[in-house]
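Dumped structure-v2.txt below, it's compact mmCIF, N, CA and C atoms:
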# COMPACT_ATOMS: atom_id res chain seq x y z
N MET A 134 167.01 -2.54 202.55
CA MET A 134 168.02 -2.46 201.53
C MET A 134 168.86 -1.22 201.75
N GLY A 135 170.14 -1.29 201.43
CA GLY A 135 171.02 -0.15 201.63
C GLY A 135 171.88 0.09 200.43
N TRP A 136 172.85 0.95 200.60
CA TRP A 136 173.78 1.28 199.52
C TRP A 136 174.90 0.26 199.49
N GLY A 137 175.45 0.02 198.31
CA GLY A 137 176.68 -0.74 198.17
C GLY A 137 177.83 0.24 198.32
N PHE A 138 179.00 -0.23 198.65
CA PHE A 138 180.12 0.68 198.84
C PHE A 138 181.31 0.22 198.03
N LEU A 139 182.00 1.17 197.42
CA LEU A 139 183.29 0.93 196.80
C LEU A 139 184.30 1.34 197.86
N ALA A 140 185.25 0.51 198.14
CA ALA A 140 186.16 0.70 199.27
C ALA A 140 186.79 2.09 199.29
N ALA A 141 186.84 2.68 200.47
CA ALA A 141 187.49 3.98 200.65
C ALA A 141 188.98 3.82 200.40
N ASN A 142 189.62 4.91 200.03
CA ASN A 142 191.05 4.94 199.75
C ASN A 142 191.45 4.06 198.57
N ALA A 143 190.48 3.68 197.73
CA ALA A 143 190.79 2.88 196.56
C ALA A 143 191.14 3.80 195.40
N SER A 144 191.99 3.35 194.53
CA SER A 144 192.30 4.07 193.31
C SER A 144 192.28 3.03 192.21
N VAL A 145 191.38 3.18 191.25
CA VAL A 145 191.15 2.14 190.27
C VAL A 145 191.28 2.75 188.88
N ALA A 146 191.97 2.07 187.98
CA ALA A 146 192.07 2.53 186.60
C ALA A 146 191.37 1.53 185.69
N GLY A 147 190.84 2.01 184.56
CA GLY A 147 190.18 1.12 183.61
C GLY A 147 188.68 1.16 183.76
N ARG A 148 187.99 0.15 183.23
CA ARG A 148 186.54 0.08 183.29
C ARG A 148 186.12 -0.53 184.62
N VAL A 149 185.17 0.10 185.29
CA VAL A 149 184.73 -0.36 186.60
C VAL A 149 183.25 -0.67 186.56
N GLU A 150 182.87 -1.86 186.89
CA GLU A 150 181.47 -2.20 187.09
C GLU A 150 181.18 -1.94 188.56
N MET A 151 180.11 -1.22 188.84
CA MET A 151 179.81 -0.90 190.22
C MET A 151 179.50 -2.17 191.01
N MET A 152 180.04 -2.23 192.20
CA MET A 152 179.74 -3.33 193.09
C MET A 152 178.32 -3.15 193.60
N ARG A 153 177.57 -4.23 193.63
CA ARG A 153 176.17 -4.13 194.06
C ARG A 153 175.95 -5.01 195.27
N HIS A 154 175.55 -4.38 196.34
CA HIS A 154 175.17 -5.12 197.53
C HIS A 154 173.67 -5.10 197.71
N SER A 155 173.01 -4.31 196.88
CA SER A 155 171.55 -4.23 196.91
C SER A 155 171.08 -3.71 195.57
N SER A 156 169.80 -3.72 195.37
CA SER A 156 169.27 -3.22 194.11
C SER A 156 169.11 -1.70 194.14
N GLU A 157 169.37 -1.07 195.28
CA GLU A 157 169.16 0.38 195.39
C GLU A 157 170.29 1.19 194.81
N GLY A 158 171.53 0.88 195.13
CA GLY A 158 172.60 1.71 194.60
C GLY A 158 173.95 1.46 195.24
N SER A 159 174.91 2.24 194.76
CA SER A 159 176.29 2.13 195.22
C SER A 159 176.80 3.51 195.60
N VAL A 160 177.83 3.52 196.45
CA VAL A 160 178.44 4.76 196.90
C VAL A 160 179.93 4.71 196.58
N LEU A 161 180.42 5.77 195.95
CA LEU A 161 181.85 5.95 195.74
C LEU A 161 182.31 6.85 196.87
N GLY A 162 183.03 6.31 197.83
CA GLY A 162 183.40 7.03 199.05
C GLY A 162 184.24 8.27 198.82
N PRO A 163 184.30 9.17 199.82
CA PRO A 163 184.98 10.45 199.69
C PRO A 163 186.49 10.36 199.44
N SER A 164 187.13 9.29 199.82
CA SER A 164 188.58 9.15 199.61
C SER A 164 188.90 8.37 198.35
N THR A 165 187.89 8.00 197.60
CA THR A 165 188.07 7.16 196.42
C THR A 165 188.18 7.99 195.15
N ARG A 166 189.18 7.67 194.32
CA ARG A 166 189.38 8.32 193.03
C ARG A 166 189.42 7.24 191.96
N ILE A 167 188.64 7.40 190.92
CA ILE A 167 188.58 6.41 189.84
C ILE A 167 188.88 7.08 188.52
N THR A 168 189.71 6.43 187.71
CA THR A 168 189.96 6.86 186.35
C THR A 168 189.47 5.73 185.45
N GLY A 169 188.46 6.03 184.64
CA GLY A 169 187.87 5.02 183.76
C GLY A 169 186.37 5.11 183.75
N ARG A 170 185.73 4.24 182.99
CA ARG A 170 184.27 4.22 182.86
C ARG A 170 183.63 3.49 184.02
N ILE A 171 182.48 4.00 184.46
CA ILE A 171 181.70 3.34 185.50
C ILE A 171 180.32 3.09 184.92
N SER A 172 179.83 1.87 185.07
CA SER A 172 178.47 1.55 184.64
C SER A 172 177.87 0.56 185.61
N GLY A 173 176.54 0.59 185.70
CA GLY A 173 175.90 -0.36 186.59
C GLY A 173 174.40 -0.18 186.64
N GLU A 174 173.76 -1.12 187.28
CA GLU A 174 172.33 -1.09 187.51
C GLU A 174 172.08 -0.40 188.85
N GLY A 175 171.02 0.37 188.94
CA GLY A 175 170.68 1.03 190.19
C GLY A 175 171.27 2.42 190.27
N ALA A 176 171.29 2.97 191.47
CA ALA A 176 171.70 4.35 191.72
C ALA A 176 173.19 4.43 192.05
N LEU A 177 173.74 5.64 191.93
CA LEU A 177 175.14 5.89 192.30
C LEU A 177 175.22 7.21 193.03
N ARG A 178 175.88 7.20 194.19
CA ARG A 178 176.16 8.42 194.96
C ARG A 178 177.67 8.61 194.91
N VAL A 179 178.11 9.74 194.32
CA VAL A 179 179.54 10.03 194.20
C VAL A 179 179.93 10.99 195.31
N GLU A 180 180.82 10.53 196.18
CA GLU A 180 181.36 11.36 197.25
C GLU A 180 182.85 11.63 197.02
N GLY A 181 183.46 10.92 196.07
CA GLY A 181 184.87 11.06 195.74
C GLY A 181 185.05 11.71 194.39
N GLY A 182 185.98 11.18 193.58
CA GLY A 182 186.27 11.75 192.28
C GLY A 182 186.28 10.71 191.18
N ILE A 183 185.76 11.08 190.02
CA ILE A 183 185.74 10.20 188.85
C ILE A 183 186.28 10.98 187.65
N LYS A 184 187.24 10.41 186.95
CA LYS A 184 187.69 10.92 185.66
C LYS A 184 187.31 9.87 184.64
N GLY A 185 186.15 10.06 184.04
CA GLY A 185 185.62 9.09 183.08
C GLY A 185 184.11 9.18 183.04
N ASP A 186 183.53 8.45 182.12
CA ASP A 186 182.08 8.49 181.94
C ASP A 186 181.36 7.60 182.93
N VAL A 187 180.13 8.03 183.29
CA VAL A 187 179.29 7.30 184.23
C VAL A 187 177.97 6.97 183.55
N SER A 188 177.54 5.73 183.65
CA SER A 188 176.25 5.32 183.10
C SER A 188 175.59 4.37 184.10
N VAL A 189 174.46 4.82 184.67
CA VAL A 189 173.72 4.00 185.62
C VAL A 189 172.24 3.99 185.25
N SER A 190 171.55 2.92 185.62
CA SER A 190 170.13 2.81 185.28
C SER A 190 169.24 3.59 186.25
N GLY A 191 169.76 3.92 187.42
CA GLY A 191 168.98 4.64 188.43
C GLY A 191 169.40 6.09 188.54
N THR A 192 169.18 6.66 189.69
CA THR A 192 169.53 8.06 189.94
C THR A 192 171.03 8.19 190.20
N ALA A 193 171.58 9.35 189.88
CA ALA A 193 172.98 9.65 190.18
C ALA A 193 173.02 10.92 191.01
N GLU A 194 173.94 10.95 191.96
CA GLU A 194 174.10 12.12 192.82
C GLU A 194 175.58 12.42 192.96
N ILE A 195 175.95 13.67 192.73
CA ILE A 195 177.32 14.15 192.94
C ILE A 195 177.24 15.10 194.12
N VAL A 196 177.73 14.67 195.27
CA VAL A 196 177.56 15.45 196.51
C VAL A 196 178.58 16.58 196.57
N GLU A 197 178.37 17.50 197.50
CA GLU A 197 179.28 18.62 197.73
C GLU A 197 180.68 18.08 198.00
N GLY A 198 181.68 18.63 197.30
CA GLY A 198 183.06 18.19 197.46
C GLY A 198 183.46 17.08 196.51
N ALA A 199 182.51 16.45 195.85
CA ALA A 199 182.79 15.37 194.89
C ALA A 199 182.93 15.95 193.49
N SER A 200 183.56 15.19 192.58
CA SER A 200 183.73 15.68 191.22
C SER A 200 183.63 14.55 190.20
N VAL A 201 183.08 14.90 189.04
CA VAL A 201 183.05 14.00 187.90
C VAL A 201 183.56 14.78 186.69
N GLU A 202 184.59 14.24 186.03
CA GLU A 202 185.10 14.80 184.78
C GLU A 202 184.78 13.79 183.70
N GLY A 203 183.62 13.94 183.07
CA GLY A 203 183.16 13.02 182.04
C GLY A 203 181.66 13.14 181.91
N SER A 204 181.07 12.37 181.02
CA SER A 204 179.63 12.45 180.82
C SER A 204 178.91 11.55 181.83
N VAL A 205 177.66 11.96 182.15
CA VAL A 205 176.83 11.19 183.07
C VAL A 205 175.52 10.87 182.38
N HIS A 206 175.16 9.57 182.36
CA HIS A 206 173.88 9.10 181.85
C HIS A 206 173.18 8.39 183.01
N ALA A 207 171.97 8.86 183.36
CA ALA A 207 171.26 8.28 184.50
C ALA A 207 169.76 8.54 184.36
N GLU A 208 168.99 7.93 185.24
CA GLU A 208 167.55 8.19 185.26
C GLU A 208 167.28 9.64 185.64
N SER A 209 167.97 10.13 186.68
CA SER A 209 167.91 11.53 187.11
C SER A 209 169.25 11.86 187.73
N LEU A 210 169.50 13.17 187.94
CA LEU A 210 170.81 13.59 188.43
C LEU A 210 170.66 14.78 189.37
N GLU A 211 171.35 14.71 190.50
CA GLU A 211 171.44 15.84 191.43
C GLU A 211 172.91 16.18 191.58
N ILE A 212 173.25 17.48 191.37
CA ILE A 212 174.64 17.91 191.41
C ILE A 212 174.81 18.96 192.51
N ALA A 213 175.62 18.64 193.52
CA ALA A 213 175.99 19.61 194.54
C ALA A 213 177.50 19.86 194.51
N GLY A 214 178.22 18.97 193.81
CA GLY A 214 179.67 19.09 193.66
C GLY A 214 180.03 19.67 192.32
N SER A 215 180.96 19.01 191.62
CA SER A 215 181.47 19.51 190.34
C SER A 215 181.23 18.50 189.23
N LEU A 216 180.67 18.96 188.12
CA LEU A 216 180.51 18.14 186.91
C LEU A 216 181.11 18.90 185.75
N LEU A 217 182.18 18.37 185.18
CA LEU A 217 182.80 18.94 183.99
C LEU A 217 182.56 17.94 182.87
N GLY A 218 181.42 18.07 182.22
CA GLY A 218 181.02 17.15 181.17
C GLY A 218 179.53 17.24 180.94
N ASP A 219 179.03 16.44 180.03
CA ASP A 219 177.63 16.46 179.67
C ASP A 219 176.82 15.52 180.56
N ALA A 220 175.53 15.83 180.70
CA ALA A 220 174.62 14.96 181.46
C ALA A 220 173.37 14.73 180.63
N VAL A 221 172.95 13.47 180.55
CA VAL A 221 171.73 13.08 179.85
C VAL A 221 170.91 12.21 180.79
N THR A 222 169.68 12.64 181.05
CA THR A 222 168.79 11.86 181.91
C THR A 222 167.41 11.74 181.27
N ARG A 223 166.67 10.72 181.69
CA ARG A 223 165.27 10.60 181.29
C ARG A 223 164.40 11.45 182.20
N GLY A 224 164.87 11.69 183.41
CA GLY A 224 164.14 12.46 184.40
C GLY A 224 164.80 13.81 184.64
N PRO A 225 164.58 14.39 185.82
CA PRO A 225 165.08 15.74 186.12
C PRO A 225 166.57 15.80 186.44
N ILE A 226 167.12 17.00 186.22
CA ILE A 226 168.48 17.34 186.63
C ILE A 226 168.38 18.53 187.57
N ALA A 227 168.96 18.41 188.76
CA ALA A 227 168.95 19.50 189.75
C ALA A 227 170.38 19.93 190.03
N VAL A 228 170.65 21.22 189.80
CA VAL A 228 171.96 21.80 190.10
C VAL A 228 171.79 22.62 191.38
N ARG A 229 172.42 22.16 192.45
CA ARG A 229 172.26 22.78 193.77
C ARG A 229 173.20 23.97 193.97
N SER A 230 172.86 24.82 194.92
CA SER A 230 173.68 25.96 195.29
C SER A 230 175.08 25.47 195.65
N GLY A 231 176.10 26.13 195.12
CA GLY A 231 177.49 25.74 195.40
C GLY A 231 178.07 24.80 194.36
N ALA A 232 177.24 24.23 193.50
CA ALA A 232 177.72 23.31 192.47
C ALA A 232 178.47 24.08 191.38
N VAL A 233 179.37 23.37 190.71
CA VAL A 233 180.08 23.89 189.55
C VAL A 233 179.81 22.94 188.39
N VAL A 234 179.20 23.46 187.32
CA VAL A 234 178.82 22.60 186.20
C VAL A 234 179.22 23.27 184.90
N ARG A 235 179.87 22.50 184.02
CA ARG A 235 180.23 22.98 182.69
C ARG A 235 179.96 21.85 181.70
N GLY A 236 179.08 22.10 180.72
CA GLY A 236 178.75 21.10 179.72
C GLY A 236 177.32 21.23 179.26
N ASP A 237 176.84 20.23 178.55
CA ASP A 237 175.46 20.20 178.07
C ASP A 237 174.61 19.41 179.05
N LEU A 238 173.43 19.93 179.37
CA LEU A 238 172.49 19.24 180.26
C LEU A 238 171.22 18.93 179.47
N ARG A 239 170.83 17.66 179.42
CA ARG A 239 169.62 17.26 178.73
C ARG A 239 168.80 16.36 179.65
N GLY A 240 167.61 16.83 180.03
CA GLY A 240 166.74 16.07 180.91
C GLY A 240 165.30 16.52 180.74
N SER A 241 164.38 15.82 181.41
CA SER A 241 162.96 16.18 181.30
C SER A 241 162.67 17.51 181.97
N GLU A 242 163.49 17.86 182.96
CA GLU A 242 163.34 19.11 183.71
C GLU A 242 164.71 19.47 184.25
N ILE A 243 165.08 20.74 184.20
CA ILE A 243 166.37 21.17 184.70
C ILE A 243 166.17 22.35 185.64
N SER A 244 166.68 22.22 186.87
CA SER A 244 166.59 23.33 187.83
C SER A 244 168.01 23.73 188.25
N ILE A 245 168.22 25.03 188.34
CA ILE A 245 169.53 25.56 188.72
C ILE A 245 169.32 26.54 189.87
N GLU A 246 169.85 26.19 191.04
CA GLU A 246 169.67 27.04 192.21
C GLU A 246 170.63 28.23 192.20
N PRO A 247 170.19 29.35 192.78
CA PRO A 247 171.09 30.49 192.94
C PRO A 247 172.31 30.07 193.76
N GLY A 248 173.46 30.63 193.42
CA GLY A 248 174.69 30.28 194.15
C GLY A 248 175.49 29.20 193.47
N SER A 249 174.94 28.59 192.41
CA SER A 249 175.71 27.61 191.65
C SER A 249 176.46 28.35 190.54
N ARG A 250 177.55 27.76 190.08
CA ARG A 250 178.32 28.34 188.97
C ARG A 250 178.16 27.42 187.78
N VAL A 251 177.50 27.91 186.73
CA VAL A 251 177.22 27.06 185.58
C VAL A 251 177.63 27.74 184.28
N SER A 252 178.11 26.94 183.37
CA SER A 252 178.37 27.32 181.99
C SER A 252 177.86 26.15 181.17
N VAL A 253 176.57 26.19 180.84
CA VAL A 253 175.92 25.03 180.26
C VAL A 253 175.07 25.40 179.06
N ARG A 254 174.76 24.39 178.26
CA ARG A 254 173.76 24.49 177.22
C ARG A 254 172.64 23.55 177.66
N LEU A 255 171.41 24.08 177.70
CA LEU A 255 170.27 23.31 178.19
C LEU A 255 169.49 22.73 177.04
N ASP A 256 169.03 21.49 177.20
CA ASP A 256 168.17 20.84 176.23
C ASP A 256 167.03 20.19 177.00
N THR A 257 165.89 20.90 177.06
CA THR A 257 164.72 20.41 177.78
C THR A 257 163.49 21.13 177.27
N GLN A 258 162.32 20.63 177.61
CA GLN A 258 161.09 21.32 177.28
C GLN A 258 160.99 22.54 178.17
N VAL A 259 160.64 23.67 177.61
CA VAL A 259 160.59 24.91 178.38
C VAL A 259 159.15 25.39 178.49
N GLU A 260 158.74 25.69 179.71
CA GLU A 260 157.44 26.30 179.96
C GLU A 260 157.70 27.62 180.67
N LEU A 261 157.24 28.69 180.06
CA LEU A 261 157.41 30.02 180.67
C LEU A 261 156.09 30.48 181.23
N ASP A 262 156.08 30.87 182.49
CA ASP A 262 154.90 31.44 183.12
C ASP A 262 155.02 32.94 183.01
N LEU A 263 154.28 33.51 182.06
CA LEU A 263 154.34 34.94 181.83
C LEU A 263 153.23 35.67 182.54
N GLY A 264 152.47 34.97 183.37
CA GLY A 264 151.38 35.59 184.10
C GLY A 264 150.14 35.74 183.22
N ALA A 265 149.12 36.32 183.78
CA ALA A 265 147.87 36.51 183.05
C ALA A 265 148.06 37.56 181.95
N PRO A 266 147.40 37.36 180.80
CA PRO A 266 147.52 38.38 179.74
C PRO A 266 146.96 39.71 180.21
N ARG A 267 147.59 40.78 179.80
CA ARG A 267 147.15 42.12 180.18
C ARG A 267 146.34 42.73 179.03
N ARG A 268 145.34 43.48 179.40
CA ARG A 268 144.55 44.21 178.39
C ARG A 268 145.14 45.59 178.22
N ARG A 269 145.14 46.06 177.02
CA ARG A 269 145.68 47.39 176.75
C ARG A 269 144.59 48.35 176.48

Would you mind giving the structure from this file in structure tokens?
Amino acid sequence: MGWGFLAANASVAGRVEMMRHSSEGSVLGPSTRITGRISGEGALRVEGGIKGDVSVSGTAEIVEGASVEGSVHAESLEIAGSLLGDAVTRGPIAVRSGAVVRGDLRGSEISIEPGSRVSVRLDTQVELDLGAPRRR
């Protein structure tokens, strides 16, 4: 099984249902710009640009050089590009080095690598490792 592809150099306005060539996911190519909502079953890899909300049942990935201006709802999310909007996942959210993120992030686990630029509000369970208790 492989990725489905949305044609390169496409520019689409309105609501877009992701094309599915497999149950694994779809790819928005690097030359593709979409204005409107995207929804679908399976995963989505964004290599181009989206101005609008994204909702997928699988994982979502915004690669380096790609951008999303809108909210993202997915099973999990990895951001190496730019996200200007909120993200809600049932699973983890990973913000990679070099990413630019502004908005609210809500997931089961959120990781932010050094070198990323973020202005976010986090909503997740927090576990702090303060080390072994010290005796005084």

Quiz item: Hey, what's within 7 Å of Ile243 in chain A if we count only N, CA and C atoms and toss same-chain stuff fewer than 4 positions away? As a list in words, please?
Solution: Gly224, Pro225, Ile226, Ala227, Val228 and Thr257 of chain A

Exercise. Kindly indicate which residue among A:Val221, A:Ile167, A:Ile245, A:Leu177 lies nearest to Ala207 in chain A, using all atoms listed in the file for the distances.
Key: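 Ranking A:Val221, A:Ile167, A:Ile245, A:Leu177 by distance to Ala207 in chain A, first place goes to A:Val221.
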
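Within the 8 Å cut-off around Glu246 in chain A, using only N, CA and C atoms and omitting residues fewer than 4 positions from it on the same chain, the listed residues are Ala227, Val228, Arg229, Ser230, Gly231, Ala232 and Arg250 of chain A.
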
Quiz prompt | Two-atom distance - CA of Gly191 in chain A, CA of Arg239 in chain A (Å) | solution = 15.9 Å

Practice problem: Between A:Leu217, A:Val160, A:Val187, A:Val234, single out the one closest to Ser172 in chain A, counting all atoms listed in the file. | Solution: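 Using all atoms listed in the file, Ser172 in chain A sits closest to A:Val187.
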
Quiz item: Mind listing as a list in words all residues within 6.5 Å of (180.8, 19.9, 183.5), counting all atoms listed in the file?
Solution: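 Counting all atoms listed in the file, I find these residues within 6.5 Å of (180.8, 19.9, 183.5): Ser215, Leu216, Leu217, Gly218, Asp219, Val233, Val234, Arg235, Gly236 and Asp237 of chain A.
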
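Across the structure, CA of Ile183 in chain A and CA of Thr222 in chain A are spaced 18.4 Å apart.
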
Practice problem: Point out the residue among A:Glu157, A:Asp186, A:Asp256, A:Glu194 with the least atom-to-atom distance to His206 in chain A, counting only C-alpha atoms. | Solution: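 Closest to His206 in chain A, using only C-alpha atoms: A:Asp186.
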
Self-check item: atom N of Ser204 in chain A to atom C of Pro163 in chain A, straight-line distance in Å
Solution: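 Here the two named atoms are 19.3 Å from each other.
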
Quiz prompt | Point (183.5, 11.9, 196.7), cut-off 6 Å, counting only N, CA and C atoms, residues as a list in words | solution =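 The distance filter leaves exactly Leu161, Gly162, Pro163, Ser164, Thr165, Val179, Glu180, Gly181, Gly182, Gly198, Ala199 and Ser200 of chain A.
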
Self-check item: Best match for closeness to Ile171 in chain A among A:Leu238, A:Val189, A:Val251, A:Ile212, counting all atoms listed in the file
Solution: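 Of the candidates, the smallest distance to Ile171 in chain A is held by A:Val189.
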
Exercise. Can you work out which one of A:Glu242, A:Gly173, A:Ala213, A:Arg166 has the shortest atom-to-atom distance to Glu197 in chain A, counting all atoms listed in the file?
Key: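 Between A:Glu242, A:Gly173, A:Ala213, A:Arg166, the residue approaching Glu197 in chain A most closely is A:Ala213.
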
Quiz prompt | Those in range 150-236 of chain A with strand (DSSP E) from DSSP, as a ChimeraX atom specification | solution = /A:150,158-161,166-168,171-173,176-179,182-184,187-189,192-195,200-202,205-207,209-212,215-217,220-222,225-228,233-236
